[in-house]
Each structure stands twice: as structure tokens, then as C-alpha cells.
file final.cif (mmCIF, C-alpha atoms)
data_model
#
loop_
_atom_site.label_atom_id
_atom_site.label_comp_id
_atom_site.auth_asym_id
_atom_site.auth_seq_id
_atom_site.Cartn_x
_atom_site.Cartn_y
_atom_site.Cartn_z
CA MET A 189 39.79 48.28 -31.49
CA SER A 190 36.84 47.21 -33.62
CA LYS A 191 36.09 43.52 -33.56
CA GLY A 192 35.75 42.95 -37.29
CA GLU A 193 34.31 39.77 -38.70
CA ILE A 194 35.31 36.60 -36.84
CA VAL A 195 34.64 33.15 -38.29
CA ILE A 196 35.84 29.81 -36.94
CA LEU A 197 36.14 26.74 -39.15
CA ASP A 198 35.04 24.29 -36.51
CA CYS A 199 34.29 20.74 -35.53
CA TRP A 200 31.95 20.31 -32.55
CA VAL A 201 33.92 17.48 -30.97
CA SER A 202 37.45 18.86 -31.48
CA PRO A 203 39.10 19.97 -28.25
CA PHE A 204 41.39 22.19 -30.32
CA CYS A 205 38.43 24.07 -31.79
CA LEU A 206 36.98 24.29 -28.27
CA ARG A 207 40.09 26.23 -27.17
CA VAL A 208 39.38 28.91 -29.74
CA LYS A 209 35.68 29.19 -28.82
CA ILE A 210 36.45 29.49 -25.09
CA ALA A 211 39.11 32.13 -25.84
CA LEU A 212 36.70 34.18 -27.97
CA LYS A 213 33.96 33.98 -25.30
CA GLU A 214 36.41 34.97 -22.55
CA LYS A 215 37.17 38.13 -24.54
CA GLY A 216 33.46 38.79 -25.06
CA LEU A 217 33.74 38.43 -28.83
CA GLU A 218 30.98 37.34 -31.16
CA TYR A 219 31.81 34.91 -33.92
CA GLU A 220 30.32 32.68 -36.58
CA GLU A 221 30.89 28.92 -36.46
CA ARG A 222 31.18 26.96 -39.68
CA GLU A 223 31.08 23.25 -39.04
CA GLU A 224 33.60 21.18 -40.99
CA LYS A 225 33.45 17.43 -41.38
CA GLU A 226 37.25 17.25 -41.65
CA LEU A 227 37.51 14.48 -39.07
CA LEU A 228 35.37 12.33 -41.35
CA GLY A 229 37.56 13.13 -44.34
CA LYS A 230 35.41 15.82 -45.93
CA LYS A 231 37.21 19.14 -46.32
CA SER A 232 35.54 22.25 -47.63
CA ASP A 233 37.17 24.46 -50.27
CA LEU A 234 37.35 27.24 -47.68
CA LEU A 235 39.28 24.99 -45.28
CA LEU A 236 41.71 23.88 -47.99
CA LYS A 237 42.24 27.50 -49.05
CA SER A 238 42.62 28.82 -45.50
CA ASN A 239 44.86 26.05 -44.18
CA PRO A 240 46.63 24.55 -47.20
CA ILE A 241 49.55 23.28 -45.09
CA HIS A 242 47.79 21.16 -42.46
CA GLN A 243 44.22 21.11 -43.86
CA LYS A 244 42.85 20.92 -40.33
CA VAL A 245 40.46 22.72 -38.02
CA PRO A 246 40.43 25.01 -36.15
CA VAL A 247 41.05 27.95 -38.47
CA LEU A 248 40.20 31.46 -37.34
CA LEU A 249 39.25 33.86 -40.11
CA HIS A 250 39.53 37.45 -38.90
CA ASN A 251 38.26 39.82 -41.56
CA GLY A 252 38.94 37.02 -44.02
CA LYS A 253 42.58 36.48 -42.96
CA PRO A 254 43.32 32.96 -41.71
CA ILE A 255 45.18 31.98 -38.56
CA CYS A 256 45.86 28.27 -37.98
CA GLU A 257 46.96 25.99 -35.10
CA SER A 258 44.92 26.33 -31.91
CA THR A 259 47.71 27.62 -29.64
CA VAL A 260 48.79 30.17 -32.29
CA ILE A 261 45.14 31.26 -32.62
CA VAL A 262 44.62 31.68 -28.85
CA ASN A 263 47.84 33.73 -28.65
CA TYR A 264 46.60 35.84 -31.59
CA ILE A 265 43.27 36.45 -29.87
CA ASN A 266 45.17 37.52 -26.75
CA ASP A 267 47.53 39.82 -28.72
CA ASN A 268 44.70 41.43 -30.67
CA TRP A 269 42.25 41.86 -27.79
CA PRO A 270 44.45 42.24 -24.69
CA SER A 271 41.67 42.32 -22.09
CA PRO A 272 41.22 40.21 -20.03
CA PRO A 273 44.80 38.93 -20.42
CA PHE A 274 45.49 35.21 -20.93
CA LEU A 275 49.15 35.53 -20.03
CA PRO A 276 50.99 37.01 -17.03
CA SER A 277 52.92 40.26 -17.43
CA SER A 278 56.52 39.31 -16.63
CA PRO A 279 58.65 37.65 -19.36
CA TYR A 280 59.72 34.90 -16.94
CA GLU A 281 56.15 33.99 -15.98
CA ILE A 282 55.12 34.15 -19.65
CA ALA A 283 57.93 31.68 -20.46
CA GLN A 284 56.70 29.33 -17.70
CA ALA A 285 53.14 29.56 -19.07
CA ARG A 286 54.43 28.77 -22.59
CA PHE A 287 56.42 25.82 -21.21
CA TRP A 288 53.25 24.29 -19.76
CA ALA A 289 51.31 25.08 -22.96
CA ASP A 290 53.96 23.12 -24.88
CA TYR A 291 53.83 20.23 -22.35
CA ILE A 292 50.04 20.10 -22.58
CA ASP A 293 50.16 20.16 -26.38
CA LYS A 294 52.78 17.43 -26.62
CA LYS A 295 51.48 15.01 -24.01
CA VAL A 296 47.80 15.02 -23.09
CA HIS A 297 45.74 14.29 -26.21
CA ASP A 298 48.10 11.59 -27.52
CA ALA A 299 48.23 9.87 -24.12
CA GLY A 300 44.42 9.90 -24.00
CA GLY A 301 44.30 8.59 -27.55
CA ASN A 302 46.46 5.62 -26.55
CA ILE A 303 43.77 4.62 -24.04
CA TRP A 304 40.88 4.34 -26.48
CA LYS A 305 43.03 2.93 -29.27
CA SER A 306 44.31 -0.03 -27.22
CA LYS A 307 43.15 -3.03 -25.19
CA GLY A 308 44.38 -5.35 -22.44
CA GLU A 309 47.93 -4.81 -21.17
CA ALA A 310 48.68 -2.06 -23.68
CA GLN A 311 45.65 -0.15 -22.40
CA GLU A 312 46.74 -0.65 -18.78
CA ARG A 313 50.10 0.91 -19.65
CA ALA A 314 48.39 3.73 -21.53
CA ILE A 315 46.19 4.51 -18.50
CA LYS A 316 49.25 4.51 -16.22
CA ASP A 317 51.11 6.94 -18.54
CA PHE A 318 48.05 9.18 -18.82
CA ILE A 319 47.64 9.40 -15.05
CA GLU A 320 51.35 10.23 -14.64
CA ILE A 321 50.90 13.16 -17.03
CA VAL A 322 47.79 14.41 -15.22
CA LYS A 323 49.67 14.10 -11.89
CA GLN A 324 52.50 16.19 -13.37
CA LEU A 325 49.97 18.83 -14.35
CA GLU A 326 48.35 18.67 -10.92
CA GLU A 327 51.78 19.32 -9.42
CA GLY A 328 52.27 22.24 -11.81
CA LEU A 329 48.93 23.71 -10.68
CA GLY A 330 49.93 23.49 -7.00
CA GLU A 331 47.63 25.42 -4.67
CA ARG A 332 46.52 27.92 -7.29
CA ASP A 333 42.93 28.21 -8.51
CA PHE A 334 44.04 28.29 -12.14
CA PHE A 335 47.16 27.59 -14.17
CA GLY A 336 47.05 31.32 -14.84
CA GLY A 337 47.32 31.97 -11.06
CA ASP A 338 44.37 34.02 -9.85
CA THR A 339 43.06 34.34 -13.38
CA PHE A 340 41.84 31.86 -15.98
CA GLY A 341 44.54 31.92 -18.64
CA LEU A 342 46.13 30.34 -21.71
CA ASN A 343 46.83 26.97 -20.11
CA ASP A 344 43.47 26.74 -18.40
CA ILE A 345 41.89 27.27 -21.83
CA SER A 346 44.17 24.73 -23.53
CA LEU A 347 43.75 22.06 -20.89
CA ILE A 348 40.05 22.37 -20.00
CA SER A 349 39.33 21.82 -23.70
CA LEU A 350 41.25 18.54 -23.69
CA THR A 351 39.34 17.36 -20.60
CA SER A 352 36.19 17.24 -22.75
CA TRP A 353 37.47 13.84 -23.91
CA PHE A 354 38.33 12.56 -20.40
CA HIS A 355 34.92 10.99 -19.79
CA ALA A 356 35.44 8.89 -22.94
CA TYR A 357 38.92 7.77 -21.75
CA GLU A 358 37.51 6.94 -18.31
CA LYS A 359 34.68 4.89 -19.78
CA PHE A 360 36.92 2.96 -22.18
CA GLY A 361 39.63 2.46 -19.57
CA ASN A 362 37.34 1.87 -16.62
CA PHE A 363 39.07 4.36 -14.32
CA LYS A 364 38.38 7.76 -12.83
CA VAL A 365 40.79 10.73 -12.93
CA GLU A 366 39.25 11.97 -9.65
CA ASP A 367 40.47 8.86 -7.80
CA HIS A 368 44.08 9.65 -8.71
CA CYS A 369 44.11 13.44 -9.02
CA PRO A 370 41.46 15.06 -6.81
CA LYS A 371 42.97 18.58 -7.02
CA PHE A 372 43.01 18.37 -10.80
CA SER A 373 39.35 17.26 -10.77
CA ALA A 374 38.51 20.22 -8.54
CA TRP A 375 40.18 22.51 -11.09
CA ILE A 376 38.08 20.91 -13.88
CA LYS A 377 34.89 21.67 -11.91
CA ARG A 378 36.06 25.24 -11.21
CA CYS A 379 36.71 25.91 -14.91
CA SER A 380 33.49 24.20 -16.03
CA GLU A 381 31.48 26.73 -14.00
CA ARG A 382 32.67 29.56 -16.23
CA PRO A 383 30.06 30.50 -18.88
CA SER A 384 32.80 30.65 -21.55
CA VAL A 385 33.35 26.92 -20.92
CA SER A 386 29.85 25.66 -20.06
CA GLN A 387 28.32 27.38 -23.12
CA VAL A 388 30.60 25.62 -25.62
CA ILE A 389 31.85 22.36 -24.09
CA PRO A 390 30.26 19.35 -25.82
CA ASP A 391 28.15 16.79 -23.93
CA PRO A 392 30.64 14.18 -22.61
CA GLU A 393 28.30 11.31 -23.56
CA LYS A 394 28.16 12.61 -27.15
CA VAL A 395 31.98 12.75 -27.20
CA TYR A 396 32.08 9.14 -25.95
CA GLU A 397 29.68 8.09 -28.74
CA PHE A 398 31.84 9.91 -31.29
CA VAL A 399 34.99 8.10 -30.10
CA LEU A 400 33.05 4.82 -30.22
CA MET A 401 32.27 5.60 -33.86
CA LEU A 402 35.98 6.38 -34.51
CA LYS A 403 36.92 3.00 -33.02
CA LYS A 404 34.50 1.30 -35.43
CA MET A 405 35.83 3.34 -38.34
CA PHE A 406 39.44 2.36 -37.56
CA GLY A 407 38.53 -1.25 -36.81
CA LEU A 408 39.62 -0.95 -33.19
CA GLU A 409 36.77 -2.60 -31.39
CA MET B 73 72.35 45.09 -11.98
CA ALA B 74 74.48 42.88 -14.19
CA ASP B 75 72.60 39.99 -15.72
CA GLU B 76 73.90 36.49 -15.19
CA VAL B 77 73.09 34.42 -18.27
CA ILE B 78 74.08 30.75 -18.55
CA LEU B 79 73.28 28.39 -21.42
CA LEU B 80 73.22 24.61 -20.89
CA ASP B 81 73.72 23.20 -24.37
CA LEU B 82 75.25 20.59 -26.68
CA TRP B 83 77.50 21.88 -29.48
CA SER B 84 75.77 19.87 -32.23
CA SER B 85 72.16 20.58 -31.21
CA MET B 86 70.23 22.63 -33.75
CA PHE B 87 67.86 23.52 -30.89
CA GLY B 88 70.65 24.85 -28.70
CA MET B 89 72.01 26.81 -31.68
CA ARG B 90 68.71 28.72 -31.92
CA VAL B 91 69.37 30.16 -28.47
CA ARG B 92 73.01 30.97 -29.32
CA VAL B 93 71.89 32.87 -32.43
CA ALA B 94 69.22 34.80 -30.51
CA LEU B 95 71.67 35.78 -27.75
CA ALA B 96 74.21 36.88 -30.36
CA GLU B 97 71.61 38.93 -32.28
CA LYS B 98 70.89 40.80 -29.05
CA GLY B 99 74.58 41.15 -28.13
CA ILE B 100 74.09 39.38 -24.79
CA GLU B 101 77.09 37.97 -22.99
CA TYR B 102 76.63 34.57 -21.45
CA GLU B 103 78.43 31.56 -20.04
CA TYR B 104 78.21 28.46 -22.23
CA LYS B 105 78.18 25.12 -20.39
CA GLU B 106 78.56 22.06 -22.60
CA GLN B 107 76.43 19.14 -21.39
CA ASP B 108 77.03 15.39 -21.57
CA LEU B 109 73.61 13.91 -22.31
CA ARG B 110 74.74 10.36 -21.54
CA ASN B 111 75.72 11.51 -18.07
CA LYS B 112 73.36 14.37 -17.19
CA SER B 113 74.68 16.95 -14.75
CA PRO B 114 72.89 17.71 -11.48
CA LEU B 115 72.47 21.29 -12.76
CA LEU B 116 70.63 20.14 -15.90
CA LEU B 117 68.39 17.80 -13.90
CA GLU B 118 67.63 20.56 -11.41
CA MET B 119 66.90 23.18 -14.09
CA ASN B 120 64.87 20.95 -16.44
CA PRO B 121 63.39 18.20 -14.26
CA ILE B 122 60.43 17.58 -16.59
CA HIS B 123 62.20 16.95 -19.90
CA LYS B 124 65.85 16.69 -18.77
CA LYS B 125 66.92 18.16 -22.12
CA ILE B 126 69.02 20.97 -23.51
CA PRO B 127 68.93 23.84 -24.24
CA VAL B 128 68.18 25.49 -20.90
CA LEU B 129 68.76 29.19 -20.36
CA ILE B 130 69.44 30.20 -16.77
CA HIS B 131 68.82 33.92 -16.29
CA ASN B 132 69.77 35.22 -12.86
CA GLY B 133 69.34 31.71 -11.49
CA LYS B 134 65.92 31.07 -13.07
CA PRO B 135 65.58 28.41 -15.78
CA ILE B 136 63.74 28.70 -19.09
CA CYS B 137 63.36 25.53 -21.20
CA GLU B 138 62.38 24.63 -24.79
CA SER B 139 64.33 26.45 -27.51
CA LEU B 140 61.54 28.49 -29.13
CA ILE B 141 60.21 29.52 -25.71
CA ILE B 142 63.73 30.64 -24.78
CA VAL B 143 64.07 32.65 -28.01
CA GLN B 144 60.76 34.43 -27.32
CA TYR B 145 61.85 35.08 -23.72
CA ILE B 146 65.13 36.61 -24.95
CA ASP B 147 63.17 38.78 -27.39
CA GLU B 148 60.85 39.99 -24.62
CA VAL B 149 63.52 40.71 -21.99
CA TRP B 150 65.99 42.39 -24.35
CA HIS B 151 63.31 44.06 -26.41
CA HIS B 152 65.21 47.30 -27.08
CA LYS B 153 67.50 45.73 -29.69
CA ALA B 154 67.05 43.60 -32.84
CA PRO B 155 63.37 42.58 -32.48
CA LEU B 156 62.92 38.96 -33.51
CA LEU B 157 59.11 38.83 -33.64
CA PRO B 158 56.91 41.31 -35.51
CA SER B 159 54.80 43.73 -33.46
CA ASP B 160 51.64 43.30 -35.53
CA PRO B 161 49.47 40.50 -34.03
CA TYR B 162 48.65 38.92 -37.43
CA GLN B 163 52.31 38.89 -38.51
CA ARG B 164 53.26 37.44 -35.10
CA ALA B 165 50.71 34.67 -35.57
CA GLN B 166 52.17 33.84 -39.00
CA ALA B 167 55.70 33.77 -37.53
CA ARG B 168 54.56 31.45 -34.70
CA PHE B 169 52.75 29.20 -37.20
CA TRP B 170 55.88 28.74 -39.34
CA ALA B 171 58.22 28.25 -36.38
CA ASP B 172 55.76 25.61 -35.14
CA TYR B 173 55.81 24.00 -38.62
CA VAL B 174 59.63 23.80 -38.54
CA ASP B 175 59.50 22.39 -35.01
CA LYS B 176 56.96 19.69 -35.85
CA LYS B 177 58.22 18.63 -39.25
CA VAL B 178 61.94 18.96 -39.95
CA TYR B 179 63.80 17.02 -37.26
CA ALA B 180 62.25 13.53 -37.51
CA PRO B 181 62.64 12.86 -41.26
CA GLY B 182 66.08 14.51 -41.15
CA ARG B 183 67.16 12.07 -38.44
CA LYS B 184 65.78 9.10 -40.36
CA ILE B 185 67.86 10.05 -43.41
CA TRP B 186 71.10 9.38 -41.51
CA ALA B 187 69.83 6.80 -39.03
CA THR B 188 67.99 4.39 -41.36
CA LYS B 189 68.47 2.55 -44.63
CA GLY B 190 66.51 1.22 -47.60
CA ASP B 191 62.81 2.02 -47.97
CA GLU B 192 62.55 3.82 -44.63
CA GLN B 193 65.40 6.12 -45.63
CA GLU B 194 63.90 6.77 -49.09
CA GLU B 195 60.53 7.66 -47.53
CA ALA B 196 62.21 10.02 -45.09
CA LYS B 197 64.22 11.68 -47.86
CA LYS B 198 61.07 12.22 -49.94
CA GLU B 199 59.23 13.66 -46.94
CA PHE B 200 62.18 15.90 -46.02
CA ILE B 201 62.45 17.38 -49.52
CA GLU B 202 58.67 18.02 -49.56
CA ILE B 203 58.97 19.93 -46.30
CA LEU B 204 61.91 22.00 -47.59
CA LYS B 205 59.88 22.85 -50.70
CA VAL B 206 56.95 24.02 -48.55
CA LEU B 207 59.35 26.26 -46.61
CA GLU B 208 60.91 27.53 -49.83
CA GLY B 209 57.40 28.38 -51.05
CA GLU B 210 56.69 30.32 -47.87
CA LEU B 211 59.99 32.22 -48.20
CA GLY B 212 59.06 33.25 -51.74
CA GLU B 213 60.99 36.28 -52.96
CA LYS B 214 61.64 37.66 -49.48
CA PRO B 215 65.23 37.93 -48.23
CA TYR B 216 64.21 36.36 -44.93
CA PHE B 217 61.17 34.51 -43.59
CA GLY B 218 60.63 37.61 -41.47
CA GLY B 219 60.53 39.80 -44.60
CA GLU B 220 63.23 42.46 -44.77
CA SER B 221 64.68 41.51 -41.40
CA PHE B 222 66.08 38.31 -39.94
CA GLY B 223 63.70 37.00 -37.30
CA PHE B 224 62.02 34.23 -35.35
CA VAL B 225 61.30 31.82 -38.22
CA ASP B 226 64.77 32.34 -39.73
CA ILE B 227 66.32 31.47 -36.35
CA SER B 228 64.08 28.41 -35.91
CA PHE B 229 65.15 26.92 -39.24
CA VAL B 230 68.65 28.18 -40.13
CA THR B 231 70.22 26.07 -37.38
CA PHE B 232 69.35 22.94 -39.36
CA SER B 233 71.58 24.19 -42.19
CA CYS B 234 74.79 22.91 -40.56
CA TRP B 235 73.15 19.45 -40.68
CA PHE B 236 72.31 19.70 -44.41
CA HIS B 237 75.70 18.20 -45.32
CA VAL B 238 74.82 15.16 -43.16
CA TYR B 239 71.41 14.70 -44.83
CA GLU B 240 72.91 15.15 -48.33
CA THR B 241 75.75 12.72 -47.67
CA PHE B 242 73.63 9.90 -46.26
CA GLY B 243 70.60 10.59 -48.45
CA ASN B 244 72.68 11.06 -51.58
CA PHE B 245 70.96 14.20 -52.84
CA SER B 246 71.66 17.91 -53.21
CA ILE B 247 69.53 20.42 -51.33
CA GLU B 248 70.84 23.16 -53.65
CA LYS B 249 69.42 21.26 -56.62
CA GLU B 250 66.06 20.63 -54.98
CA CYS B 251 65.64 24.05 -53.34
CA PRO B 252 68.00 26.67 -54.79
CA LYS B 253 66.16 29.65 -53.27
CA LEU B 254 66.30 28.07 -49.84
CA MET B 255 70.07 27.56 -50.18
CA ALA B 256 70.41 31.22 -51.21
CA TRP B 257 68.59 32.11 -48.00
CA VAL B 258 70.94 29.83 -46.01
CA LYS B 259 74.00 31.61 -47.51
CA ARG B 260 72.44 34.99 -46.74
CA CYS B 261 71.87 34.00 -43.10
CA GLN B 262 75.36 32.53 -42.77
CA GLU B 263 76.81 35.96 -43.58
CA ARG B 264 75.35 37.23 -40.32
CA GLU B 265 77.84 37.15 -37.45
CA SER B 266 75.22 35.75 -35.07
CA VAL B 267 74.81 32.72 -37.36
CA PHE B 268 78.37 31.93 -38.43
CA LYS B 269 79.63 32.30 -34.88
CA SER B 270 76.89 30.10 -33.41
CA LEU B 271 76.78 27.21 -35.86
CA PRO B 272 79.49 24.53 -35.93
CA ASP B 273 81.36 23.54 -39.10
CA GLU B 274 79.24 21.13 -41.17
CA LYS B 275 82.21 18.76 -41.57
CA LYS B 276 82.47 18.47 -37.80
CA VAL B 277 78.76 17.64 -37.62
CA LEU B 278 79.23 14.93 -40.28
CA GLU B 279 82.14 13.41 -38.31
CA PHE B 280 79.97 13.46 -35.22
CA VAL B 281 77.20 11.55 -37.01
CA TYR B 282 79.70 8.88 -38.20
CA PHE B 283 80.71 8.54 -34.55
CA LEU B 284 77.06 8.35 -33.38
CA LYS B 285 76.25 5.68 -35.94
CA LYS B 286 79.18 3.62 -34.69
CA ILE B 287 78.29 3.82 -31.01
CA PHE B 288 74.60 3.13 -31.65
CA GLY B 289 75.48 0.34 -34.03
CA ILE B 290 73.67 1.90 -37.00
CA GLU B 291 76.10 1.31 -39.84
#
call {"tool": "encode", "arguments": {"input": "final.cif", "output": "C-alpha cells"}}
result
Amino acid sequence: MSKGEIVILDCWVSPFCLRVKIALKEKGLEYEEREEKELLGKKSDLLLKSNPIHQKVPVLLHNGKPICESTVIVNYINDNWPSPPFLPSSPYEIAQARFWADYIDKKVHDAGGNIWKSKGEAQERAIKDFIEIVKQLEEGLGERDFFGGDTFGLNDISLISLTSWFHAYEKFGNFKVEDHCPKFSAWIKRCSERPSVSQVIPDPEKVYEFVLMLKKMFGLE
Amino acid sequence: MADEVILLDLWSSMFGMRVRVALAEKGIEYEYKEQDLRNKSPLLLEMNPIHKKIPVLIHNGKPICESLIIVQYIDEVWHHKAPLLPSDPYQRAQARFWADYVDKKVYAPGRKIWATKGDEQEEAKKEFIEILKVLEGELGEKPYFGGESFGFVDISFVTFSCWFHVYETFGNFSIEKECPKLMAWVKRCQERESVFKSLPDEKKVLEFVYFLKKIFGIE
């Protein structure tokens, strides 16, 4: 199948946009990035036209047709360019993968957000909740190299993208994920060695500085 | 080999109903096991240890959780009949987007309409009607969200229709007045056997909410 024109409406620091970029690179696809300043309240006409419902990045434009919501986009990329596959082949294993994708989507980013948005006792509780979630994921990973089993798959893509903000959480919360979840940390290192990840993942210090700026903006210092 | 299909569910859950509709569309026989969520069964806790919620589908002993994941699973396993998702990747992505929209948006303001009062209730009602209008816009002139055929997005949203009477009663508004095309779609879906056999009577749901409000002390 021909690749067509692929454009991503992007934001360098967004872990959700990162998912799409990693997915495209895993499939060996070339794409154009258009940086949006949506997180700072500035939305381009193209973004508003392509994602009128949520008005958020990422948006994938494939031959001009928009696809929105990062997990929907990654599934679309997988459906349209099946090799290498992001999902297992059996319906039951696919359902398990989707279950974890849903868990990751519902829990991780918000729990991390609670860490940098709070202080004192509230922050202590937020750190505890966050570590519980990471432990749950570590248990879900088990002895496998990847959430996809032998192969880097949908949930590895979804989750490794969210870990780009972990350094910021650790710095604000004064804790280290590695101390509590060594197997999970080993998985992070394993994924980070992949070119599809290392070529697009933002500098953790720059992410920390960005979150610091967000704190100032929201008066949460 | 005969399939063993069990559904752990709660009669009033719009999420559980999605699974019932999908199973009925595919003509799959299953055992329905009503759950008491105030006193969760060992089976439910064993099959859904992470969320401890219904619905759970148990297929030949193996559990699948989260209603939209279950519906997709059903579509993939019993793929030879009544396809629920389109085969074209772009159309599939649109279907997933809209089912995700329903999942993220409808439940919370709907619940606030019957569970709160005053300004909070008014806000929720306003938000709820906005969301219905967005969905009505997406439906457009099509008979179903899926186009000519009843599908994934229709299933994800139609199960809320038996709760419309609850929202209208407590919110004091008419969904028909606000979104006539959406109500026409609801009536069209309710003519399908899979829908009218899977959804409870709206009056029963309203009685249930009166009961819930009493036991939670939300008068």
C-alpha cells in the first residue's frame, strides 16, 4: 500500500503526540510534523478544522483526512500498515492488550499530574497512588521483555511515551521509580534503546522545565 | 466445540447492556449472572481483580473486561455474522473515536442530573444537552451512526436511551424537543430485537433511581 501524505499536528512535550511519532517510526513511515502551541492556548485554524470536537493534539492527517485521539491514531496506523504488528493475533490476547491500553490511558498521566500539581501531604498521597499504579503495570508485564510479549507493541508505545514525564514527577516528588519498580525501570531502558523511541523522545530536563513553567502559569508554585 | 459464554452484569447498567446487545446481534447464547455490587461475588473479584466492575464476559473460562473491549472481542471472535465495526481502517478509526467520545462524555453529566440539585444540576443538564447535540450532528441524515447498518457507535450510545426518562424527569426537560433526530434514531434502534430485548423498561430504571437516591440519602 502506498504511504500517502502523513502529517502530525504535534506538540514536542506531549506524551500523546509522542505515541503517534513512535508508532510511525516503528512502521518505517515518513511524516511531517507541524508544531502546535495548543498547550499554551494558541490553536491553529488547521487544528480547529481537523479536531473540532476536542481541539487537541495529536491529530494525524493522512492524505488530508484527520484521525484524532492518540490510541485511535495508533490503532489506525496499525490497521493501515499491518507490519510490524502492534497487536497480537488472537482475539483474546488483543482484548487483554486493549484492557491494559485502557488502564494506562485512564490512570498514569492523571496520577503523575497529581504529583506536580500538589504539595505536602497531598503530594505524598499522590506519589503513593502513582507508585501503586506503576507496580500494577510491572505486575502486568511479568517476566516478558515487552507488554507486547516478544515484540514491542501498542502498550509499550502508549506507556513509554508517558514515561517521558517521569523524570519531572521524580524531581518534584523527590522519589525514584527505580527504587520501587526495578523491573519496570529495566523495561523503560529496554524501550529507550529502540531508535523509534530515542529519535523522538524529548529531553527529560526540558520536560521538567516545561512542567515548571506550567506550575507558574497555574499559580501552583 | 460448544462455546461457554457467561456474562457478569447488572440489569440497570448501560455498560452491561452494550454487551447484551452485541451478543444478541450475533445470535450468541450465553448465561446471564446478575451481580450484587454492594456484595461482590468471588467470581467477579477473580475475573476482574483490577477494576472489580461489571460487565465481564467469560468465554470458555477466560475473562474479558471493559464493555467496549468486550464488544470488539465479540465482533472479532464471531466475525462471520453482523459485523459491528467497519472493515476500512479510516472508517474504523472514526467509529472508535465516536465510541470513545460517548464513553468519556455522556455518563458523568447524566449522573449529575439525577444525583445533584441547584446550580450543579443545571450545569450538568446544559453540558448533557450540548453533548447530545454534538452526537446528533455526527449522526446527520444517516439512519445509524454506522451509516446504513447498526454498529459499534450505535451500540455504545443506544444503551443510555433507557436512562433518558430518568434524566428528563429529574432535569425537567425533553430530549425529543432538544434533539428530535437523535430520538428518531433511538426509536429506530429500539425496533431491533437485539435492543428491545436487552434494554430494561425505562419506568423500571426510574423506579430504581428513586430507590438509589433514598439509600444514598440524595433526595
call {"tool": "residues_around", "arguments": {"input": "final.cif", "residues": "A:Pro272", "least_positions_apart": "2", "cutoff": "10 Å", "atoms": "all atoms listed in the file", "output": "list in words"}}
result
Glu214, Lys215, Gly216, Asn266, Trp269, Pro270, Phe274, Leu275, Thr339, Phe340 and Gly341 of chain A
call {"tool": "closest_residue", "arguments": {"input": "final.cif", "among": "B:Gln166, B:Gln193, B:Ser246, B:Asn132", "to": "A:Ile255", "atoms": "all atoms listed in the file"}}
result
B:Gln166
call {"tool": "resolve_selection", "arguments": {"input": "final.cif", "expression": "the PyMOL selection byres ((chain B) within 9 of (chain A))", "output": "PyMOL selection string"}}
result
chain B and resi 122+134-138+141-142+144-146+148-149+160-162+164-166+168-169+172+206
call {"tool": "residues_around", "arguments": {"input": "final.cif", "residues": "B:Leu156", "least_positions_apart": "2", "cutoff": "7 Å", "atoms": "all atoms listed in the file", "output": "JSON, numbers by chain"}}
result
{"B": [147, 154, 158, 223, 224]}
call {"tool": "closest_residue", "arguments": {"input": "final.cif", "among": "B:Leu211, B:Trp186, B:Glu240, B:Glu220", "to": "B:Glu274", "atoms": "only C-alpha atoms"}}
result
B:Glu240
call {"tool": "residues_around", "arguments": {"input": "final.cif", "residues": "stretch 92-94 of chain B", "least_positions_apart": "4", "cutoff": "7 Å", "atoms": "all atoms listed in the file", "output": "ChimeraX atom specification"}}
result
/B:88,98,143,227,266-267,270
call {"tool": "residues_around", "arguments": {"input": "final.cif", "residues": "A:Trp353", "least_positions_apart": "3", "cutoff": "12 Å", "atoms": "all atoms listed in the file", "output": "ChimeraX atom specification"}}
result
/A:201-204,206,296-301,303-304,347-350,356-360,365,389-400
call {"tool": "resolve_selection", "arguments": {"input": "final.cif", "expression": "the PyMOL selection byres ((chain B and resi 106) around 8)", "output": "list in words"}}
result
Leu80, Asp81, Leu82, Trp83, Tyr104, Lys105, Gln107 and Asp108 of chain B
call {"tool": "closest_residue", "arguments": {"input": "final.cif", "among": "A:Ile194, A:Gly229, A:Phe363, A:Leu342", "to": "A:Pro273", "atoms": "all atoms listed in the file"}}
result
A:Leu342
call {"tool": "atom_distance", "arguments": {"input": "final.cif", "atom1": "atom CA of A:Ser384", "atom2": "atom CA of A:Lys209"}}
result
8.0 Å
call {"tool": "atom_distance", "arguments": {"input": "final.cif", "atom1": "atom CA of B:Gly243", "atom2": "atom CA of B:Val281"}}
result
13.2 Å
call {"tool": "axis_aligned_box", "arguments": {"input": "final.cif", "around": "stretch 285-301 of chain A", "padding_each_side": "8 Å", "output": "lines of an AutoDock Vina configuration file"}}
result
center_x = 50.4
center_y = 19.1
center_z = -23.3
size_x = 28.1
size_y = 37.0
size_z = 24.5
call {"tool": "closest_residue", "arguments": {"input": "final.cif", "among": "B:Ala167, B:Ala96, B:Leu207, B:Leu79", "to": "B:Pro127", "atoms": "only C-alpha atoms"}}
result
B:Leu79
call {"tool": "residues_near_point", "arguments": {"input": "final.cif", "point": "(40.7, 25.1, -46.9)", "cutoff": "12 Å", "atoms": "all atoms listed in the file", "output": "PyMOL selection string"}}
result
chain A and resi 197-198+224-226+230-249+254-256
